[in-house]
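This is input.cif (mmCIF, C-alpha atoms and all ligand atoms).
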```cif
data_input
loop_
_atom_site.label_atom_id
_atom_site.label_comp_id
_atom_site.auth_asym_id
_atom_site.auth_seq_id
_atom_site.Cartn_x
_atom_site.Cartn_y
_atom_site.Cartn_z
CA MET A 1144 -27.72 -27.88 -3.02
CA PRO A 1145 -23.92 -28.10 -3.14
CA ALA A 1146 -21.92 -24.91 -2.76
CA GLN A 1147 -20.82 -22.84 -5.73
CA LEU A 1148 -17.13 -23.13 -6.53
CA LEU A 1149 -14.81 -20.18 -6.03
CA ASP A 1150 -12.69 -20.90 -9.08
CA GLY A 1151 -9.14 -19.60 -8.63
CA VAL A 1152 -8.06 -20.88 -12.04
CA ALA A 1153 -10.70 -18.86 -13.90
CA LEU A 1154 -10.16 -15.71 -11.84
CA SER A 1155 -6.38 -16.03 -12.22
CA LYS A 1156 -6.74 -16.27 -15.97
CA LYS A 1157 -8.73 -13.04 -16.04
CA ILE A 1158 -6.27 -11.16 -13.83
CA ARG A 1159 -3.23 -12.56 -15.67
CA THR A 1160 -4.65 -11.26 -18.96
CA GLU A 1161 -4.65 -7.77 -17.43
CA ILE A 1162 -1.14 -8.32 -16.03
CA THR A 1163 0.16 -9.38 -19.48
CA ALA A 1164 -1.21 -6.20 -21.06
CA ARG A 1165 0.22 -3.93 -18.35
CA ALA A 1166 3.57 -5.78 -18.46
CA ALA A 1167 3.83 -5.03 -22.20
CA ILE A 1168 3.25 -1.33 -21.53
CA VAL A 1169 5.86 -1.09 -18.78
CA THR A 1170 8.30 -3.18 -20.86
CA ALA A 1171 7.95 -0.68 -23.71
CA LYS A 1172 8.99 2.00 -21.21
CA GLY A 1173 12.19 0.06 -20.50
CA ALA A 1174 11.18 -1.52 -17.20
CA ARG A 1175 10.29 -5.13 -18.08
CA PRO A 1176 9.05 -6.62 -14.78
CA GLY A 1177 11.77 -8.81 -13.28
CA LEU A 1178 11.44 -11.34 -10.47
CA ALA A 1179 14.30 -13.17 -8.73
CA VAL A 1180 13.33 -16.37 -6.92
CA ILE A 1181 15.82 -17.89 -4.49
CA VAL A 1182 15.49 -21.37 -3.09
CA VAL A 1183 17.95 -22.90 -0.64
CA GLY A 1184 18.00 -26.65 -0.06
CA ASP A 1185 15.93 -29.41 -1.61
CA ASN A 1186 12.47 -29.20 -0.04
CA PRO A 1187 10.35 -31.02 -2.68
CA ALA A 1188 7.27 -28.81 -2.17
CA SER A 1189 9.40 -25.67 -2.54
CA ALA A 1190 10.84 -27.02 -5.79
CA VAL A 1191 7.31 -27.35 -7.23
CA TYR A 1192 6.20 -23.92 -6.00
CA VAL A 1193 9.23 -22.06 -7.38
CA ARG A 1194 8.98 -23.80 -10.73
CA ASN A 1195 5.34 -22.72 -10.97
CA LYS A 1196 6.24 -19.15 -10.05
CA VAL A 1197 8.95 -18.89 -12.70
CA LYS A 1198 6.70 -20.50 -15.35
CA ALA A 1199 3.94 -18.00 -14.53
CA CYS A 1200 6.43 -15.13 -15.00
CA GLU A 1201 7.32 -16.40 -18.46
CA GLU A 1202 3.65 -16.66 -19.43
CA VAL A 1203 2.94 -12.99 -18.67
CA GLY A 1204 6.14 -11.70 -20.29
CA PHE A 1205 8.24 -11.02 -17.19
CA HIS A 1206 11.97 -11.50 -16.85
CA SER A 1207 12.69 -14.06 -14.14
CA VAL A 1208 15.70 -15.70 -12.57
CA LEU A 1209 15.62 -18.81 -10.47
CA GLU A 1210 18.60 -19.26 -8.17
CA ARG A 1211 18.97 -22.59 -6.41
CA TYR A 1212 21.54 -23.08 -3.68
CA GLU A 1213 22.63 -26.09 -1.69
CA ALA A 1214 21.24 -26.54 1.80
CA GLU A 1215 24.74 -25.91 3.21
CA MET A 1216 24.83 -22.35 1.87
CA ASN A 1217 25.75 -20.00 4.68
CA GLU A 1218 23.69 -17.01 5.75
CA GLU A 1219 26.34 -14.43 4.82
CA ALA A 1220 26.46 -15.70 1.24
CA LEU A 1221 22.67 -15.49 0.98
CA LEU A 1222 22.63 -11.96 2.44
CA ALA A 1223 25.32 -10.91 -0.03
CA ARG A 1224 23.27 -12.32 -2.92
CA ILE A 1225 20.21 -10.37 -1.74
CA ALA A 1226 22.27 -7.17 -1.49
CA THR A 1227 23.32 -7.60 -5.13
CA LEU A 1228 19.72 -8.18 -6.25
CA ASN A 1229 18.57 -5.15 -4.21
CA ALA A 1230 20.89 -3.03 -6.37
CA ASP A 1231 20.01 -4.69 -9.71
CA PRO A 1232 17.71 -2.40 -11.76
CA ALA A 1233 16.46 -5.34 -13.88
CA ILE A 1234 15.00 -6.98 -10.76
CA HIS A 1235 11.82 -5.48 -9.27
CA GLY A 1236 10.84 -8.33 -6.98
CA ILE A 1237 12.90 -10.66 -4.79
CA LEU A 1238 11.37 -13.78 -3.32
CA VAL A 1239 13.19 -16.12 -0.96
CA GLN A 1240 11.20 -19.34 -0.79
CA LEU A 1241 10.41 -20.50 2.75
CA PRO A 1242 11.19 -22.61 4.67
CA LEU A 1243 14.94 -21.96 4.75
CA PRO A 1244 17.34 -24.53 6.25
CA ALA A 1245 17.42 -24.37 10.06
CA HIS A 1246 20.93 -22.83 10.26
CA ILE A 1247 19.75 -19.72 8.43
CA ALA A 1248 17.78 -17.07 10.38
CA SER A 1249 14.74 -16.45 8.16
CA GLU A 1250 13.94 -13.10 9.83
CA ARG A 1251 17.39 -11.71 9.02
CA VAL A 1252 17.08 -12.84 5.43
CA LEU A 1253 13.59 -11.38 4.98
CA GLU A 1254 14.68 -8.07 6.54
CA ALA A 1255 17.61 -7.90 4.09
CA ILE A 1256 15.26 -7.63 1.09
CA ALA A 1257 14.64 -4.00 0.09
CA PRO A 1258 11.00 -3.28 1.11
CA GLN A 1259 10.32 -1.87 -2.41
CA LYS A 1260 11.30 -5.28 -3.84
CA ASP A 1261 9.61 -7.39 -1.15
CA VAL A 1262 6.87 -8.76 -3.40
CA ASP A 1263 5.99 -11.41 -0.80
CA GLY A 1264 5.15 -8.62 1.67
CA PHE A 1265 7.04 -10.39 4.47
CA HIS A 1266 9.46 -7.59 5.47
CA VAL A 1267 8.56 -6.06 8.87
CA ALA A 1268 8.21 -2.69 7.18
CA ASN A 1269 5.49 -4.10 4.92
CA ALA A 1270 3.88 -6.14 7.70
CA GLY A 1271 3.80 -3.02 9.88
CA ALA A 1272 2.45 -0.89 7.06
CA LEU A 1273 -0.28 -3.45 6.46
CA MET A 1274 -1.33 -3.07 10.08
CA VAL A 1275 -1.39 0.72 10.17
CA GLY A 1276 -2.11 1.76 6.60
CA ALA A 1277 -1.05 1.16 3.03
CA PRO A 1278 1.71 -1.43 2.65
CA GLU A 1279 4.01 -1.44 -0.36
CA PHE A 1280 2.86 -5.04 -1.01
CA LYS A 1281 0.16 -7.28 0.45
CA PRO A 1282 1.22 -10.88 1.12
CA CYS A 1283 0.20 -12.88 -1.94
CA THR A 1284 -2.00 -15.59 -0.42
CA PRO A 1285 -4.23 -13.31 1.70
CA TYR A 1286 -4.34 -10.83 -1.20
CA GLY A 1287 -5.54 -13.67 -3.47
CA CYS A 1288 -8.23 -14.67 -0.95
CA MET A 1289 -9.49 -11.08 -0.89
CA LYS A 1290 -9.65 -11.08 -4.70
CA LEU A 1291 -11.75 -14.27 -4.59
CA LEU A 1292 -14.17 -12.58 -2.17
CA GLU A 1293 -14.22 -9.46 -4.36
CA SER A 1294 -15.06 -11.60 -7.41
CA ILE A 1295 -18.38 -12.61 -5.86
CA GLU A 1296 -18.89 -9.09 -4.47
CA TYR A 1297 -19.12 -10.53 -1.00
CA PRO A 1298 -20.32 -7.82 1.43
CA LEU A 1299 -17.58 -7.93 4.08
CA ARG A 1300 -18.73 -4.87 6.04
CA GLY A 1301 -20.23 -6.17 9.25
CA ALA A 1302 -19.71 -9.83 8.26
CA ARG A 1303 -18.29 -12.32 10.74
CA ALA A 1304 -14.96 -13.63 9.50
CA VAL A 1305 -12.99 -16.40 11.16
CA VAL A 1306 -9.39 -17.17 10.24
CA VAL A 1307 -8.07 -20.53 11.43
CA GLY A 1308 -4.27 -20.32 11.59
CA ALA A 1309 -2.18 -17.41 12.80
CA SER A 1310 1.00 -17.54 10.71
CA ASN A 1311 2.87 -14.43 9.58
CA ILE A 1312 2.49 -15.54 5.96
CA VAL A 1313 -1.26 -16.16 5.88
CA GLY A 1314 -3.35 -16.01 9.07
CA LYS A 1315 -2.26 -12.68 10.54
CA PRO A 1316 -2.19 -10.63 7.30
CA MET A 1317 -5.48 -12.29 6.21
CA ALA A 1318 -7.14 -11.12 9.43
CA MET A 1319 -5.82 -7.61 8.90
CA LEU A 1320 -7.17 -7.37 5.35
CA LEU A 1321 -10.59 -8.67 6.45
CA LEU A 1322 -10.64 -6.19 9.33
CA GLN A 1323 -9.80 -3.32 6.97
CA ALA A 1324 -12.68 -4.42 4.74
CA GLY A 1325 -15.05 -3.97 7.68
CA ALA A 1326 -15.46 -7.57 8.85
CA THR A 1327 -15.57 -8.59 12.51
CA VAL A 1328 -12.59 -10.91 12.72
CA THR A 1329 -11.67 -13.82 14.98
CA ILE A 1330 -8.25 -15.44 14.66
CA CYS A 1331 -8.11 -19.03 15.91
CA ASN A 1332 -4.89 -20.91 16.57
CA SER A 1333 -3.83 -24.42 17.51
CA LYS A 1334 -4.77 -23.77 21.19
CA THR A 1335 -8.27 -22.46 20.52
CA ARG A 1336 -10.86 -24.18 22.71
CA ASP A 1337 -14.02 -25.40 20.98
CA LEU A 1338 -12.88 -24.46 17.49
CA ALA A 1339 -16.23 -25.49 15.98
CA HIS A 1340 -18.03 -22.91 18.13
CA HIS A 1341 -16.06 -20.21 16.27
CA THR A 1342 -16.07 -21.71 12.78
CA LYS A 1343 -19.85 -22.35 12.85
CA ASP A 1344 -20.38 -18.65 13.44
CA ALA A 1345 -18.35 -17.59 10.40
CA ASP A 1346 -19.95 -15.95 7.37
CA VAL A 1347 -16.47 -16.12 5.88
CA LEU A 1348 -14.15 -18.92 7.00
CA VAL A 1349 -10.49 -18.91 5.94
CA VAL A 1350 -8.51 -22.00 6.90
CA ALA A 1351 -4.69 -22.10 6.84
CA THR A 1352 -3.46 -24.72 9.28
CA GLY A 1353 -1.64 -27.32 7.20
CA LYS A 1354 -3.78 -30.07 8.76
CA PRO A 1355 -5.52 -32.16 6.08
CA LYS A 1356 -9.36 -32.07 6.17
CA MET A 1357 -9.46 -30.71 9.75
CA ILE A 1358 -12.54 -28.56 9.11
CA THR A 1359 -15.49 -30.83 8.45
CA GLY A 1360 -18.96 -29.95 7.17
CA ASP A 1361 -20.46 -29.96 10.68
CA MET A 1362 -18.07 -27.12 11.61
CA VAL A 1363 -19.25 -24.84 8.80
CA LYS A 1364 -22.10 -22.31 8.84
CA SER A 1365 -24.85 -22.92 6.32
CA GLY A 1366 -24.50 -20.72 3.23
CA SER A 1367 -21.10 -19.34 4.27
CA VAL A 1368 -17.99 -18.71 2.16
CA VAL A 1369 -15.23 -21.24 2.87
CA ILE A 1370 -11.72 -20.45 1.67
CA ASP A 1371 -9.23 -23.29 1.99
CA VAL A 1372 -5.57 -22.24 1.89
CA GLY A 1373 -4.21 -25.72 2.64
CA ILE A 1374 -2.40 -27.89 0.13
CA ASN A 1375 -1.61 -31.30 1.62
CA ARG A 1376 -0.43 -34.45 -0.08
CA LEU A 1377 -2.19 -37.61 1.11
CA PRO A 1378 -0.42 -40.99 1.29
CA ASP A 1379 -2.17 -41.99 -1.97
CA GLY A 1380 -0.52 -39.02 -3.70
CA LYS A 1381 -3.72 -36.97 -4.05
CA LEU A 1382 -3.85 -33.33 -2.94
CA CYS A 1383 -6.34 -32.14 -0.34
CA GLY A 1384 -7.00 -28.99 1.61
CA ASP A 1385 -7.38 -28.21 5.30
CA VAL A 1386 -11.15 -28.40 4.76
CA ASP A 1387 -12.96 -31.68 4.18
CA PHE A 1388 -14.38 -30.60 0.82
CA ASP A 1389 -16.76 -33.57 0.44
CA THR A 1390 -18.72 -32.74 3.58
CA ALA A 1391 -18.27 -28.94 3.64
CA LYS A 1392 -19.55 -28.48 0.07
CA TYR A 1393 -23.08 -29.47 1.17
CA ILE A 1394 -23.18 -26.84 3.91
CA ALA A 1395 -21.26 -23.86 2.51
CA GLY A 1396 -22.69 -21.42 -0.04
CA TRP A 1397 -19.31 -20.92 -1.71
CA ILE A 1398 -16.15 -23.00 -1.40
CA THR A 1399 -12.67 -23.06 -2.94
CA PRO A 1400 -11.50 -26.39 -4.42
CA VAL A 1401 -8.02 -27.80 -3.74
CA PRO A 1402 -6.26 -27.70 -6.12
CA GLY A 1403 -7.61 -24.83 -8.23
CA GLY A 1404 -8.73 -22.39 -5.56
CA VAL A 1405 -6.29 -20.29 -3.55
CA GLY A 1406 -3.08 -21.82 -5.05
CA PRO A 1407 -3.26 -20.17 -8.48
CA MET A 1408 -4.37 -16.90 -6.87
CA THR A 1409 -1.22 -16.77 -4.72
CA ILE A 1410 0.95 -16.88 -7.84
CA THR A 1411 -1.28 -14.38 -9.63
CA MET A 1412 -0.94 -11.85 -6.82
CA LEU A 1413 2.83 -12.39 -6.80
CA LEU A 1414 2.78 -11.41 -10.48
CA MET A 1415 0.61 -8.39 -9.66
CA ASN A 1416 2.99 -7.24 -6.91
CA THR A 1417 5.98 -7.64 -9.24
CA LEU A 1418 4.19 -5.76 -12.00
CA GLU A 1419 3.34 -2.91 -9.63
CA ALA A 1420 6.96 -2.77 -8.43
CA ALA A 1421 8.09 -2.40 -12.06
CA GLU A 1422 5.44 0.23 -12.77
CA LYS A 1423 6.64 2.25 -9.78
CA ALA A 1424 10.27 1.87 -10.88
CA SER A 1425 9.39 3.07 -14.40
CA LYS A 1426 8.07 6.36 -12.95
CA HIS A 1427 11.40 7.21 -11.28
N1 LIG B 1 6.49 -20.81 1.43
C1 LIG B 1 5.17 -21.12 1.47
N2 LIG B 1 4.44 -20.10 0.97
C2 LIG B 1 5.31 -19.14 0.60
C3 LIG B 1 5.16 -17.87 0.00
O1 LIG B 1 4.07 -17.37 -0.29
N3 LIG B 1 6.31 -17.18 -0.23
C4 LIG B 1 7.53 -17.69 0.09
N4 LIG B 1 8.59 -16.92 -0.16
N5 LIG B 1 7.70 -18.86 0.64
C5 LIG B 1 6.59 -19.58 0.89
#
```
Mind turning this structure into structure tokens?
Amino acid sequence: MPAQLLDGVALSKKIRTEITARAAIVTAKGARPGLAVIVVGDNPASAVYVRNKVKACEEVGFHSVLERYEAEMNEEALLARIATLNADPAIHGILVQLPLPAHIASERVLEAIAPQKDVDGFHVANAGALMVGAPEFKPCTPYGCMKLLESIEYPLRGARAVVVGASNIVGKPMAMLLLQAGATVTICNSKTRDLAHHTKDADVLVVATGKPKMITGDMVKSGSVVIDVGINRLPDGKLCGDVDFDTAKYIAGWITPVPGGVGPMTITMLLMNTLEAAEKASKH
């Protein structure tokens, strides 16, 4: 029997309904949630992502600003812009879309964002807090994956979880959240020997490598939960994940589609983080 779908569109809709209601309450208190999205350069994928983020803000009643800068923008100008947004009371979340052009040091830019406005959860203060306790914000993609698992009441305590990919944005924070939920976690990376040995042991498999269809059905444990973070464009223009959906769906118990799985959840959790930043600000 094919796997059941972990539907990120349906779950997002449910959570965004709650976000809309809470946004109206906080707006009535004078703190309409506000998100600033900065994109530097003309990466086509980034252009799509930021447009979707700003559109999602509008749909839930947030204030949003999209700032686009030319690839030649210098780092000082970007840091100055972030300093201004840090001090702007109408802005509760600041997101600098990655990747940045090579002449700009991403770490310096991310560290310039006030941790209370770091709705991506990428600042070292938030990354550190995630490791040792309660972070101000959880990174949106891993947070969305956890919500998908929560939606099927997956019992993570004692489960074997394998994360393929060890990026700061997805793999590492994902592993930390799974660990905190009581799972036994393995993080695989591009040098891992006998990857299938690990993935076939996973009750929960999260894949974030950026390599189209690299995890095939024979690498998946029967009945497991497979969460595919990848969004890759094939030469024919179609989107596909890092998991070969057509073979994995016959082995897994649950699987996320691409598109319509993790993608919408990432944006939803960005909205949730921004909402929570505004709710905190309204209490001050
Ligand atoms: N680039 C790819 N994913 C992300 C993300 O979640 N946030 C930001 N800021 N940039 C990204």
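Across the structure, atom CA of A:Thr1327 and atom CA of A:Asp1361 are spaced 22.0 Å apart.
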Tell me which protein, DNA and RNA residues are within 6 Å of A:Asp1385, counting all atoms listed in the file, leaving out same-chain ones fewer than 2 positions away, and put them as a short mmCIF file (atom, residue, chain, number, x, y, z; two decimals) with C-alpha atoms, in the coordinates of the input.
```cif
data_model
loop_
_atom_site.label_atom_id
_atom_site.label_comp_id
_atom_site.auth_asym_id
_atom_site.auth_seq_id
_atom_site.Cartn_x
_atom_site.Cartn_y
_atom_site.Cartn_z
CA LYS A 1354 -3.78 -30.07 8.76
CA PRO A 1355 -5.52 -32.16 6.08
CA LYS A 1356 -9.36 -32.07 6.17
CA MET A 1357 -9.46 -30.71 9.75
CA GLY A 1373 -4.21 -25.72 2.64
#
```
Please put the answer as JSON: centre and edge lengths, in Å with one decimal, of a box along x, y and z that encloses all listed atoms of ligand LIG 1 (chain B) plus 8 Å on each side.
```
{"center_x": 6.3, "center_y": -19.0, "center_z": 0.6, "size_x": 20.5, "size_y": 20.2, "size_z": 17.8}
```
Margin query: Which residues are near ligand LIG 1 (chain B) - at most 7 Å, using all atoms listed in the file? Format: as a PyMOL selection string.
Written below: chain A and resi 1189+1238-1242+1263+1283-1284+1312+1409
Output C-alpha atoms for every residue in that selection, as a compact mmCIF listing (two decimals), keeping the file's coordinate frame.
```txt
# COMPACT_ATOMS: atom_id res chain seq x y z
CA SER A 1189 9.40 -25.67 -2.54
CA LEU A 1238 11.37 -13.78 -3.32
CA VAL A 1239 13.19 -16.12 -0.96
CA GLN A 1240 11.20 -19.34 -0.79
CA LEU A 1241 10.41 -20.50 2.75
CA PRO A 1242 11.19 -22.61 4.67
CA ASP A 1263 5.99 -11.41 -0.80
CA CYS A 1283 0.20 -12.88 -1.94
CA THR A 1284 -2.00 -15.59 -0.42
CA ILE A 1312 2.49 -15.54 5.96
CA THR A 1409 -1.22 -16.77 -4.72
```
Next item on the list: Find the distance between atom CA of A:Lys1426 and atom CA of A:Val1275 and write it in Å to one decimal.
Entry: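 So the answer is 25.6 Å.
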Checklist line | Contacts of A:Glu1215 within 12 Å, all atoms listed in the file, excl. fewer than 5 positions in-chain, as a ChimeraX atom specification | finding: /A:1183-1185,1220-1221,1243-1247
Notebook entry, point to check: So, counting only C-alpha atoms, which residue among A:Gly1276, A:Gly1314, A:Pro1282, A:Gly1204 is closest to A:Val1349?
Noted result: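 Closest candidate: A:Gly1314.
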Notebook entry, point to check: Using only C-alpha atoms, which of the listed residues (A:Ala1164, A:Leu1178, A:Ala1318, A:Ile1330) sits closest to A:Lys1260?
Noted result: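 Once distances to A:Lys1260 are computed over only C-alpha atoms, the minimum belongs to A:Leu1178.
When the distance limit is 12 Å and all atoms listed in the file are what count, the residues near A:Ala1153, minus those fewer than 4 positions from it on the same chain, are A:Leu1148, A:Leu1149, A:Lys1157, A:Ile1158, A:Arg1159, A:Thr1160, A:Leu1291, A:Ser1294, A:Thr1399, A:Gly1403, A:Gly1404, A:Val1405, A:Pro1407, A:Met1408, A:Thr1411.
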Notebook entry, point to check: atom CA of A:Gly1360 to atom CA of A:Leu1292: how many Å, to one decimal?
Noted result: 20.3 Å
Using all atoms listed in the file, what table do you get, as JSON lines, when you list each residue of stretch 1268-1293 of chain A with an atom no more than 12 Å from stretch 1413-1418 of chain A, its nearest pair of atoms, and their distance in Å rounded to one decimal, rows by chain then rising number?
```
{"residue": "A:Pro1278", "atom": "CA", "partner": "A:Asn1416", "partner_atom": "CA", "distance": 11.3}
{"residue": "A:Glu1279", "atom": "CA", "partner": "A:Asn1416", "partner_atom": "CA", "distance": 8.8}
{"residue": "A:Phe1280", "atom": "CA", "partner": "A:Asn1416", "partner_atom": "CA", "distance": 6.3}
{"residue": "A:Lys1281", "atom": "CA", "partner": "A:Asn1416", "partner_atom": "CA", "distance": 7.9}
{"residue": "A:Pro1282", "atom": "CA", "partner": "A:Leu1413", "partner_atom": "CA", "distance": 8.2}
{"residue": "A:Cys1283", "atom": "CA", "partner": "A:Leu1413", "partner_atom": "CA", "distance": 5.5}
{"residue": "A:Thr1284", "atom": "CA", "partner": "A:Leu1413", "partner_atom": "CA", "distance": 8.6}
{"residue": "A:Pro1285", "atom": "CA", "partner": "A:Leu1413", "partner_atom": "CA", "distance": 11.1}
{"residue": "A:Tyr1286", "atom": "CA", "partner": "A:Leu1413", "partner_atom": "CA", "distance": 9.2}
{"residue": "A:Gly1287", "atom": "CA", "partner": "A:Leu1413", "partner_atom": "CA", "distance": 9.1}
{"residue": "A:Lys1290", "atom": "CA", "partner": "A:Met1415", "partner_atom": "CA", "distance": 11.7}
```
Could you give me, as a compact mmCIF listing (two decimals) with C-alpha atoms, keeping the file's coordinate frame, the residues within 12 Å of A:Lys1172, counting only C-alpha atoms and dropping anything in the same chain fewer than 3 positions from it?
```txt
# COMPACT_ATOMS: atom_id res chain seq x y z
CA ARG A 1165 0.22 -3.93 -18.35
CA ALA A 1166 3.57 -5.78 -18.46
CA ALA A 1167 3.83 -5.03 -22.20
CA ILE A 1168 3.25 -1.33 -21.53
CA VAL A 1169 5.86 -1.09 -18.78
CA ARG A 1175 10.29 -5.13 -18.08
CA PRO A 1176 9.05 -6.62 -14.78
CA ALA A 1421 8.09 -2.40 -12.06
CA GLU A 1422 5.44 0.23 -12.77
CA LYS A 1423 6.64 2.25 -9.78
CA ALA A 1424 10.27 1.87 -10.88
CA SER A 1425 9.39 3.07 -14.40
CA LYS A 1426 8.07 6.36 -12.95
CA HIS A 1427 11.40 7.21 -11.28
```
Item checked: Expected residue set, 12 Å radius at (6.8, -23.7, -8.0), all atoms listed in the file, as a VMD selection string -> chain A and resid 1180 to 1182 1186 to 1200 1209 1238 1240 to 1241 1406 to 1407 1409 to 1410
Margin query: Let me make sure I understand: among A:Asn1375, A:Gln1147, A:Asn1311, A:Ser1333, which one has the smallest atom-to-atom distance to A:Glu1250 if we use only C-alpha atoms?
Written below: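 Once distances to A:Glu1250 are computed over only C-alpha atoms, the minimum belongs to A:Asn1311.
Nearest to A:Ile1256 of all the residues A:Val1363, A:Leu1382, A:Ala1304, A:Ala1226 is A:Ala1226, counting all atoms listed in the file.
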Which residues of stretch 1207-1323 of chain A have any atom within 12 Å of an atom in stretch 1365-1369 of chain A when counting all atoms listed in the file, and what is the closest pair of atoms for each, with the distance in Å to one decimal? Order the rows by chain and rising number and write it as a tab-separated table.
```
residue	atom	partner	partner_atom	distance
A:Cys1288	CA	A:Val1369	CA	10.3
A:Met1289	CA	A:Val1368	CA	11.8
A:Leu1291	CA	A:Val1368	CA	10.2
A:Leu1292	CA	A:Val1368	CA	8.4
A:Glu1293	CA	A:Val1368	CA	11.9
A:Ile1295	CA	A:Val1368	CA	10.1
A:Glu1296	CA	A:Val1368	CA	11.7
A:Tyr1297	CA	A:Val1368	CA	8.8
A:Pro1298	CA	A:Val1368	CA	11.2
A:Leu1299	CA	A:Val1368	CA	11.0
A:Ala1302	CA	A:Ser1367	CA	10.4
A:Arg1303	CA	A:Ser1367	CA	10.0
A:Ala1304	CA	A:Val1368	CA	9.4
A:Val1305	CA	A:Val1369	CA	9.9
A:Val1306	CA	A:Val1369	CA	10.2
A:Val1307	CA	A:Val1369	CA	11.2
```
